Amino acid sequence: MVGLSVGEKHFIKGGIAQDLRCDGRKRLHYRPISVETGVIPQANGSARIRLGATDVIASVKAELGRPSPLQPGKGKVAIFVECSPTAAPMFEGRGGEELSSELSEALQRCLLGGKSGTGAGIDLSSLMIVEGKICWDLYIDCLVISSDGNILDALAAAIKAALTNTAIPKVIASNANADDQQVDVDISDEEFSQFDTSGIPVIVTLTKVGKHYIVDATPEEESQMSSAVSVSVNRDGQICGLIKRGATGLDPSVILDMISVAKHVSQQLITVLDSEICSAESVEEEM
C-alpha cells in the first residue's frame with residue numbers, strides 16, 4: 001500500500017476534482033505508451049509495454065493440441081501472469097501470487113469471454129486445424145517487471161501487441177477425414193500466417209476517486225479509490241467484458257456512465273496503440 005499524509009490525500013482528491021492531476025494530466029488522459037515487439041525470440045510473438053513506469057512483457061507460444069469436446073470447433077488460449085518480486089514490495093511472497101492469479105483471471109474474462117467463451121475478443125475458431133481433432137493452443141505468459149499503477153490495462157495492451165506480432169506456422173493435415181486414425185500434420189518452417197487481432201479489445205479501467213473517475217491511475221491515486229470498473233472494448237465499440245473492484249457499491253446509472261466513458265476513451269487508446277505497434281513492427285523488421 002502507498003503511505004500518504006492527510007495533506008497528500010487532499011491534494012490528490014482536490015486535483016482530480018478540478019480535472020488537474022498531480023502529473024499534469026486531465027482525468028481521462030493516459031500517460032505516454034511505448035511498445036516494443038519481438039522482444040523474446042523463442043516465442044511465436046512477444047511485446048513489451050511501458051505505461052509511465054509500469055513495465056510489462058507478454059509472450060505467445062503456439063503448440064498443437066486437441067480441442068475441448070465441449071467446443072470441438074475452437075482452439076484454446078490460456079493466460080498466465082507473473083508479478084516479479086522486484087516490481088513492488090507488495091509482490092513479495094503471497095501478495096504477488098494472489099495478484100498474479102487475480103490479474104490472470106481478469107484478463108481471461110475480459111479477453112476470452114469467461115469459461116463459456118461468450119463475447120470472446122479472440123477468435124478461437126481461427127485456431128482450428130481439423131475440427132474435433134487438432135488445433136492450436138496459445139499460451140500467453142505475462143510478466144510485470146515494474147509496477148506504477150494501472151497494471152491490468154498495460155497487460156491487455158501487451159497481449160494485443162504480442163498477438164499482433166505472432167506468426168503461426170502453416171499446417172497441412174492428412175488423414176483428417178478418417179474416424180479412428182491419428183491425424184498426421186506437416187508443420188511448415190517457412191510459411192507463417194499472422195494472427196488476426198482486429199477484434200481483440202483493450203481494457204480501460206476507470207478508477208473512482210471522490211465523485212469523479214479517472215483513467216490510467218497511479219499507485220497514489222489507486223490508494224484513494226472507492227471503486228474501479230475495468231471495461232474491455234473492441235474496435236467496433238462492443239463491450240467484451242467488465243470487472244468491478246473495490247468494496248464500495250456503485251449505482252447502476254453510474255456504472256452505465258462509466259461504460260459509456262470507457263467506450264469513448266477506448267477508441268483513443270486503440271488508435272494510439274495501433275500506431276505504436278505499427279512503429280514497433282517497422283523497427284523490428286529493420287533490425
# chains A, B, ... in the order shown; residues from 1 in each chain; ligands from 1

$ residues_around --residues "stretch 243-252 of chain A" --least-positions-apart "6" --cutoff "12 Å" --atoms "only C-alpha atoms" --output "JSON, numbers by chain"
{"A": [102, 103, 105, 106, 107, 108, 109, 110, 111, 113, 114, 152, 203, 204, 205, 206, 207, 208, 209, 210, 211, 222, 223, 224, 225, 226, 227, 228, 229, 230, 231, 232, 258, 259]}

$ write_last_selection --atoms "C-alpha atoms" --output "PDB file, in the first residue's frame"
ATOM      1  CA  GLU A 102      -6.363 -12.086  -9.871  1.00  0.00           C
ATOM      2  CA  LEU A 103      -4.839 -10.480 -12.984  1.00  0.00           C
ATOM      3  CA  GLU A 105      -8.494 -14.317 -14.158  1.00  0.00           C
ATOM      4  CA  ALA A 106      -9.398 -10.727 -15.079  1.00  0.00           C
ATOM      5  CA  LEU A 107      -7.572 -10.939 -18.427  1.00  0.00           C
ATOM      6  CA  GLN A 108      -9.108 -14.317 -19.169  1.00  0.00           C
ATOM      7  CA  ARG A 109     -12.584 -12.923 -18.506  1.00  0.00           C
ATOM      8  CA  CYS A 110     -12.087  -9.653 -20.416  1.00  0.00           C
ATOM      9  CA  LEU A 111     -10.316 -11.101 -23.469  1.00  0.00           C
ATOM     10  CA  GLY A 113     -15.323 -14.004 -22.505  1.00  0.00           C
ATOM     11  CA  GLY A 114     -15.124 -16.235 -19.432  1.00  0.00           C
ATOM     12  CA  LEU A 152      -4.379  -4.540 -15.967  1.00  0.00           C
ATOM     13  CA  ILE A 203      -9.087  -2.726 -21.324  1.00  0.00           C
ATOM     14  CA  VAL A 204      -9.951   0.688 -19.920  1.00  0.00           C
ATOM     15  CA  THR A 205     -10.013   0.888 -16.135  1.00  0.00           C
ATOM     16  CA  LEU A 206     -11.955   3.775 -14.643  1.00  0.00           C
ATOM     17  CA  THR A 207     -10.944   4.458 -11.047  1.00  0.00           C
ATOM     18  CA  LYS A 208     -13.449   6.384  -8.918  1.00  0.00           C
ATOM     19  CA  VAL A 209     -11.872   8.902  -6.545  1.00  0.00           C
ATOM     20  CA  GLY A 210     -14.390  11.064  -4.714  1.00  0.00           C
ATOM     21  CA  LYS A 211     -17.182  11.963  -7.130  1.00  0.00           C
ATOM     22  CA  GLU A 222      -5.341   3.959  -6.713  1.00  0.00           C
ATOM     23  CA  SER A 223      -4.810   4.143  -2.954  1.00  0.00           C
ATOM     24  CA  GLN A 224      -7.585   6.770  -2.762  1.00  0.00           C
ATOM     25  CA  MET A 225     -10.149   4.925  -4.896  1.00  0.00           C
ATOM     26  CA  SER A 226     -13.570   3.899  -3.627  1.00  0.00           C
ATOM     27  CA  SER A 227     -14.100   1.505  -6.536  1.00  0.00           C
ATOM     28  CA  ALA A 228     -12.890   0.755 -10.053  1.00  0.00           C
ATOM     29  CA  VAL A 229     -14.518  -0.657 -13.175  1.00  0.00           C
ATOM     30  CA  SER A 230     -12.441  -2.300 -15.916  1.00  0.00           C
ATOM     31  CA  VAL A 231     -14.174  -2.499 -19.290  1.00  0.00           C
ATOM     32  CA  SER A 232     -12.801  -4.363 -22.305  1.00  0.00           C
ATOM     33  CA  MET A 258     -18.572   4.676 -16.724  1.00  0.00           C
ATOM     34  CA  ILE A 259     -19.114   2.150 -19.524  1.00  0.00           C
TER      35      ILE A 259
END

$ residues_around --residues "A:Asp137" --least-positions-apart "3" --cutoff "7 Å" --atoms "only C-alpha atoms" --output "list in words"
Ala62, Glu63, Leu64, Gly65, Gly75, Lys76 and Val77 of chain A

$ residues_around --residues "A:Val56" --least-positions-apart "4" --cutoff "8 Å" --atoms "only C-alpha atoms" --output "MDAnalysis selection string"
chainID A and resid 48:50 142:146 154:155 158

$ residues_around --residues "A:Val233" --least-positions-apart "2" --cutoff "8 Å" --atoms "only C-alpha atoms" --output "list in words"
Pro201, Val202, Ile203, Val204, Val231, Arg235, Asp236, Gly237, Gln238, Ile239, Cys240, Gly241, Ala262, Lys263 and Ser266 of chain A

$ write_last_selection --atoms "N, CA, C and O atoms" --output "compact mmCIF listing (two decimals), in the first residue's frame"
# COMPACT_ATOMS: atom_id res chain seq x y z
N PRO A 201 -9.86 -6.68 -27.93
CA PRO A 201 -10.16 -5.42 -27.25
C PRO A 201 -8.98 -4.90 -26.43
O PRO A 201 -8.00 -5.60 -26.20
N VAL A 202 -9.12 -3.66 -26.03
CA VAL A 202 -8.25 -3.09 -24.99
C VAL A 202 -9.07 -3.05 -23.71
O VAL A 202 -10.30 -3.17 -23.74
N ILE A 203 -8.39 -2.88 -22.60
CA ILE A 203 -9.09 -2.73 -21.32
C ILE A 203 -8.89 -1.29 -20.84
O ILE A 203 -7.76 -0.79 -20.81
N VAL A 204 -9.99 -0.66 -20.49
CA VAL A 204 -9.95 0.69 -19.92
C VAL A 204 -10.47 0.59 -18.49
O VAL A 204 -11.62 0.21 -18.26
N VAL A 231 -13.31 -2.15 -18.16
CA VAL A 231 -14.17 -2.50 -19.29
C VAL A 231 -13.30 -2.85 -20.49
O VAL A 231 -12.41 -2.08 -20.86
N ARG A 235 -12.62 -2.67 -31.26
CA ARG A 235 -12.54 -1.57 -32.22
C ARG A 235 -13.93 -1.06 -32.64
O ARG A 235 -14.08 0.11 -33.01
N ASP A 236 -14.92 -1.94 -32.60
CA ASP A 236 -16.28 -1.56 -33.01
C ASP A 236 -17.09 -0.97 -31.86
O ASP A 236 -18.29 -0.71 -32.01
N GLY A 237 -16.44 -0.79 -30.71
CA GLY A 237 -17.14 -0.22 -29.57
C GLY A 237 -17.99 -1.22 -28.81
O GLY A 237 -18.80 -0.85 -27.96
N GLN A 238 -17.79 -2.51 -29.09
CA GLN A 238 -18.55 -3.55 -28.39
C GLN A 238 -17.88 -3.90 -27.06
O GLN A 238 -16.65 -3.99 -26.99
N ILE A 239 -18.69 -4.12 -26.04
CA ILE A 239 -18.18 -4.49 -24.72
C ILE A 239 -17.91 -6.00 -24.70
O ILE A 239 -18.81 -6.80 -24.97
N CYS A 240 -16.67 -6.37 -24.40
CA CYS A 240 -16.30 -7.80 -24.36
C CYS A 240 -16.22 -8.34 -22.94
O CYS A 240 -16.19 -9.56 -22.74
N GLY A 241 -16.16 -7.47 -21.95
CA GLY A 241 -16.07 -7.92 -20.56
C GLY A 241 -16.08 -6.74 -19.62
O GLY A 241 -15.81 -5.59 -20.02
N ALA A 262 -15.78 4.73 -20.89
CA ALA A 262 -14.75 3.75 -21.26
C ALA A 262 -14.77 3.47 -22.76
O ALA A 262 -13.72 3.34 -23.40
N LYS A 263 -15.97 3.39 -23.35
CA LYS A 263 -16.09 3.16 -24.80
C LYS A 263 -15.46 4.32 -25.57
O LYS A 263 -14.75 4.10 -26.57
N SER A 266 -11.64 4.21 -25.06
CA SER A 266 -11.03 3.04 -25.68
C SER A 266 -10.64 3.30 -27.13
O SER A 266 -9.62 2.80 -27.61

$ select_by_dssp --residues "stretch 6-199 of chain A" --states "strand (DSSP E or B)" --output "ChimeraX atom specification"
/A:33-37,45-51,54-65,76-83,128-130,134-146,167-174,184-194

$ atom_distance --atom1 "atom CA of A:Ala43" --atom2 "atom CA of A:Thr86"
23.7 Å

$ residues_around --residues "A:Ser5" --least-positions-apart "3" --cutoff "12 Å" --atoms "only C-alpha atoms" --output "PyMOL selection string"
chain A and resi 2+8-12+220+223-224

$ write_last_selection --atoms "C-alpha atoms" --output "PDB file, in the first residue's frame"
ATOM      1  CA  VAL A   2       1.057   3.585  -0.671  1.00  0.00           C
ATOM      2  CA  GLU A   8      -1.199  14.467   0.120  1.00  0.00           C
ATOM      3  CA  LYS A   9      -4.580  12.724   0.079  1.00  0.00           C
ATOM      4  CA  HIS A  10      -6.398  16.083  -0.051  1.00  0.00           C
ATOM      5  CA  PHE A  11      -4.030  17.266  -2.800  1.00  0.00           C
ATOM      6  CA  ILE A  12      -4.739  14.193  -4.971  1.00  0.00           C
ATOM      7  CA  GLU A 220      -1.100   7.093  -5.204  1.00  0.00           C
ATOM      8  CA  SER A 223      -4.810   4.143  -2.954  1.00  0.00           C
ATOM      9  CA  GLN A 224      -7.585   6.770  -2.762  1.00  0.00           C
TER      10      GLN A 224
END

$ select_by_dssp --residues "stretch 78-233 of chain A" --states "helix (DSSP H, G or I)" --output "NGL selection string"
:A and (89-91 or 94-112 or 124-127 or 151-164 or 219-222)

$ write_last_selection --atoms "C-alpha atoms" --output "compact mmCIF listing (two decimals), in the first residue's frame"
# COMPACT_ATOMS: atom_id res chain seq x y z
CA PRO A 89 7.26 -4.55 -2.31
CA MET A 90 3.67 -5.88 -2.21
CA PHE A 91 4.59 -8.50 -4.86
CA ARG A 94 1.83 -14.49 -1.22
CA GLY A 95 0.89 -10.92 -2.20
CA GLY A 96 2.45 -11.44 -5.62
CA GLU A 97 0.83 -14.86 -6.05
CA GLU A 98 -2.63 -13.54 -5.21
CA LEU A 99 -2.29 -10.55 -7.53
CA SER A 100 -0.95 -12.76 -10.34
CA SER A 101 -3.96 -15.05 -10.01
CA GLU A 102 -6.36 -12.09 -9.87
CA LEU A 103 -4.84 -10.48 -12.98
CA SER A 104 -4.82 -13.78 -14.91
CA GLU A 105 -8.49 -14.32 -14.16
CA ALA A 106 -9.40 -10.73 -15.08
CA LEU A 107 -7.57 -10.94 -18.43
CA GLN A 108 -9.11 -14.32 -19.17
CA ARG A 109 -12.58 -12.92 -18.51
CA CYS A 110 -12.09 -9.65 -20.42
CA LEU A 111 -10.32 -11.10 -23.47
CA LEU A 112 -11.78 -14.61 -23.71
CA LEU A 124 -10.83 -19.13 -31.12
CA SER A 125 -12.27 -20.73 -34.28
CA SER A 126 -9.32 -19.29 -36.24
CA LEU A 127 -7.06 -21.63 -34.25
CA ILE A 151 -1.28 -2.90 -14.46
CA LEU A 152 -4.38 -4.54 -15.97
CA ASP A 153 -4.69 -2.06 -18.85
CA ALA A 154 -0.96 -2.35 -19.57
CA LEU A 155 -1.11 -6.16 -19.62
CA ALA A 156 -4.08 -6.16 -22.01
CA ALA A 157 -2.22 -3.77 -24.32
CA ALA A 158 0.87 -6.00 -24.19
CA ILE A 159 -1.22 -9.07 -25.08
CA LYS A 160 -2.79 -7.25 -28.02
CA ALA A 161 0.66 -6.17 -29.24
CA ALA A 162 2.15 -9.64 -28.73
CA LEU A 163 -0.69 -11.29 -30.67
CA THR A 164 -0.22 -8.76 -33.49
CA PRO A 219 -0.44 3.95 -7.27
CA GLU A 220 -1.10 7.09 -5.20
CA GLU A 221 -4.41 7.65 -6.98
CA GLU A 222 -5.34 3.96 -6.71

$ closest_residue --among "A:Ser59, A:Leu28, A:Lys13, A:Gly73" --to "A:Gln268" --atoms "only C-alpha atoms"
A:Leu28

$ residues_around --residues "stretch 187-192 of chain A" --least-positions-apart "3" --cutoff "10 Å" --atoms "only C-alpha atoms" --output "short mmCIF file (atom, residue, chain, number, x, y, z; two decimals) with all heavy atoms, in the first residue's frame"
data_model
loop_
_atom_site.label_atom_id
_atom_site.label_comp_id
_atom_site.auth_asym_id
_atom_site.auth_seq_id
_atom_site.Cartn_x
_atom_site.Cartn_y
_atom_site.Cartn_z
N LEU A 64 0.54 -27.41 -30.82
CA LEU A 64 -0.57 -28.22 -31.32
C LEU A 64 -1.25 -28.95 -30.16
O LEU A 64 -0.59 -29.45 -29.26
CB LEU A 64 -0.07 -29.24 -32.34
CG LEU A 64 0.44 -28.67 -33.67
CD1 LEU A 64 0.98 -29.78 -34.56
CD2 LEU A 64 -0.65 -27.89 -34.39
N THR A 166 2.45 -12.10 -33.48
CA THR A 166 2.51 -13.57 -33.50
C THR A 166 2.41 -14.13 -34.91
O THR A 166 1.50 -13.78 -35.67
CB THR A 166 1.38 -14.16 -32.63
OG1 THR A 166 1.60 -13.78 -31.27
CG2 THR A 166 1.33 -15.67 -32.73
N ALA A 167 3.35 -15.01 -35.25
CA ALA A 167 3.33 -15.73 -36.53
C ALA A 167 3.12 -17.21 -36.23
O ALA A 167 3.88 -17.81 -35.47
CB ALA A 167 4.64 -15.51 -37.27
N ILE A 168 2.07 -17.79 -36.82
CA ILE A 168 1.74 -19.20 -36.59
C ILE A 168 2.10 -20.01 -37.84
O ILE A 168 1.68 -19.65 -38.94
CB ILE A 168 0.25 -19.36 -36.25
CG1 ILE A 168 -0.06 -18.59 -34.96
CG2 ILE A 168 -0.12 -20.83 -36.10
CD1 ILE A 168 -1.51 -18.67 -34.54
N PRO A 169 2.89 -21.08 -37.69
CA PRO A 169 3.27 -21.89 -38.86
C PRO A 169 2.05 -22.47 -39.57
O PRO A 169 1.07 -22.84 -38.94
CB PRO A 169 4.12 -23.01 -38.25
CG PRO A 169 4.54 -22.51 -36.92
CD PRO A 169 3.45 -21.61 -36.44
N LYS A 170 2.13 -22.53 -40.89
CA LYS A 170 1.06 -23.17 -41.66
C LYS A 170 1.17 -24.68 -41.50
O LYS A 170 2.26 -25.24 -41.43
CB LYS A 170 1.15 -22.76 -43.12
CG LYS A 170 0.80 -21.29 -43.35
CD LYS A 170 0.50 -20.99 -44.79
CE LYS A 170 0.00 -19.55 -44.92
NZ LYS A 170 -0.31 -19.17 -46.32
N VAL A 171 0.01 -25.32 -41.41
CA VAL A 171 -0.05 -26.76 -41.14
C VAL A 171 -0.86 -27.45 -42.23
O VAL A 171 -1.94 -26.98 -42.61
CB VAL A 171 -0.69 -27.03 -39.76
CG1 VAL A 171 -0.85 -28.53 -39.54
CG2 VAL A 171 0.15 -26.43 -38.64
N ILE A 172 -0.32 -28.57 -42.74
CA ILE A 172 -1.07 -29.42 -43.67
C ILE A 172 -1.39 -30.71 -42.92
O ILE A 172 -0.49 -31.38 -42.41
CB ILE A 172 -0.25 -29.72 -44.94
CG1 ILE A 172 0.04 -28.41 -45.70
CG2 ILE A 172 -1.01 -30.70 -45.84
CD1 ILE A 172 0.94 -28.59 -46.89
N ALA A 173 -2.68 -31.03 -42.85
CA ALA A 173 -3.12 -32.22 -42.13
C ALA A 173 -3.55 -33.30 -43.12
O ALA A 173 -4.23 -33.02 -44.10
CB ALA A 173 -4.28 -31.87 -41.20
N ASP A 184 -2.15 -36.90 -39.23
CA ASP A 184 -0.75 -36.57 -39.47
C ASP A 184 -0.65 -35.11 -39.87
O ASP A 184 -1.45 -34.62 -40.68
CB ASP A 184 -0.17 -37.45 -40.60
CG ASP A 184 -0.15 -38.93 -40.20
OD1 ASP A 184 0.09 -39.20 -39.01
OD2 ASP A 184 -0.40 -39.78 -41.08
N PHE A 195 -1.56 -13.67 -36.85
CA PHE A 195 -2.77 -13.81 -36.05
C PHE A 195 -3.66 -12.59 -36.27
O PHE A 195 -3.19 -11.46 -36.27
CB PHE A 195 -2.39 -13.94 -34.58
CG PHE A 195 -3.52 -14.40 -33.70
CD1 PHE A 195 -3.89 -15.74 -33.67
CD2 PHE A 195 -4.22 -13.50 -32.93
CE1 PHE A 195 -4.93 -16.16 -32.86
CE2 PHE A 195 -5.26 -13.92 -32.12
CZ PHE A 195 -5.62 -15.26 -32.09
#
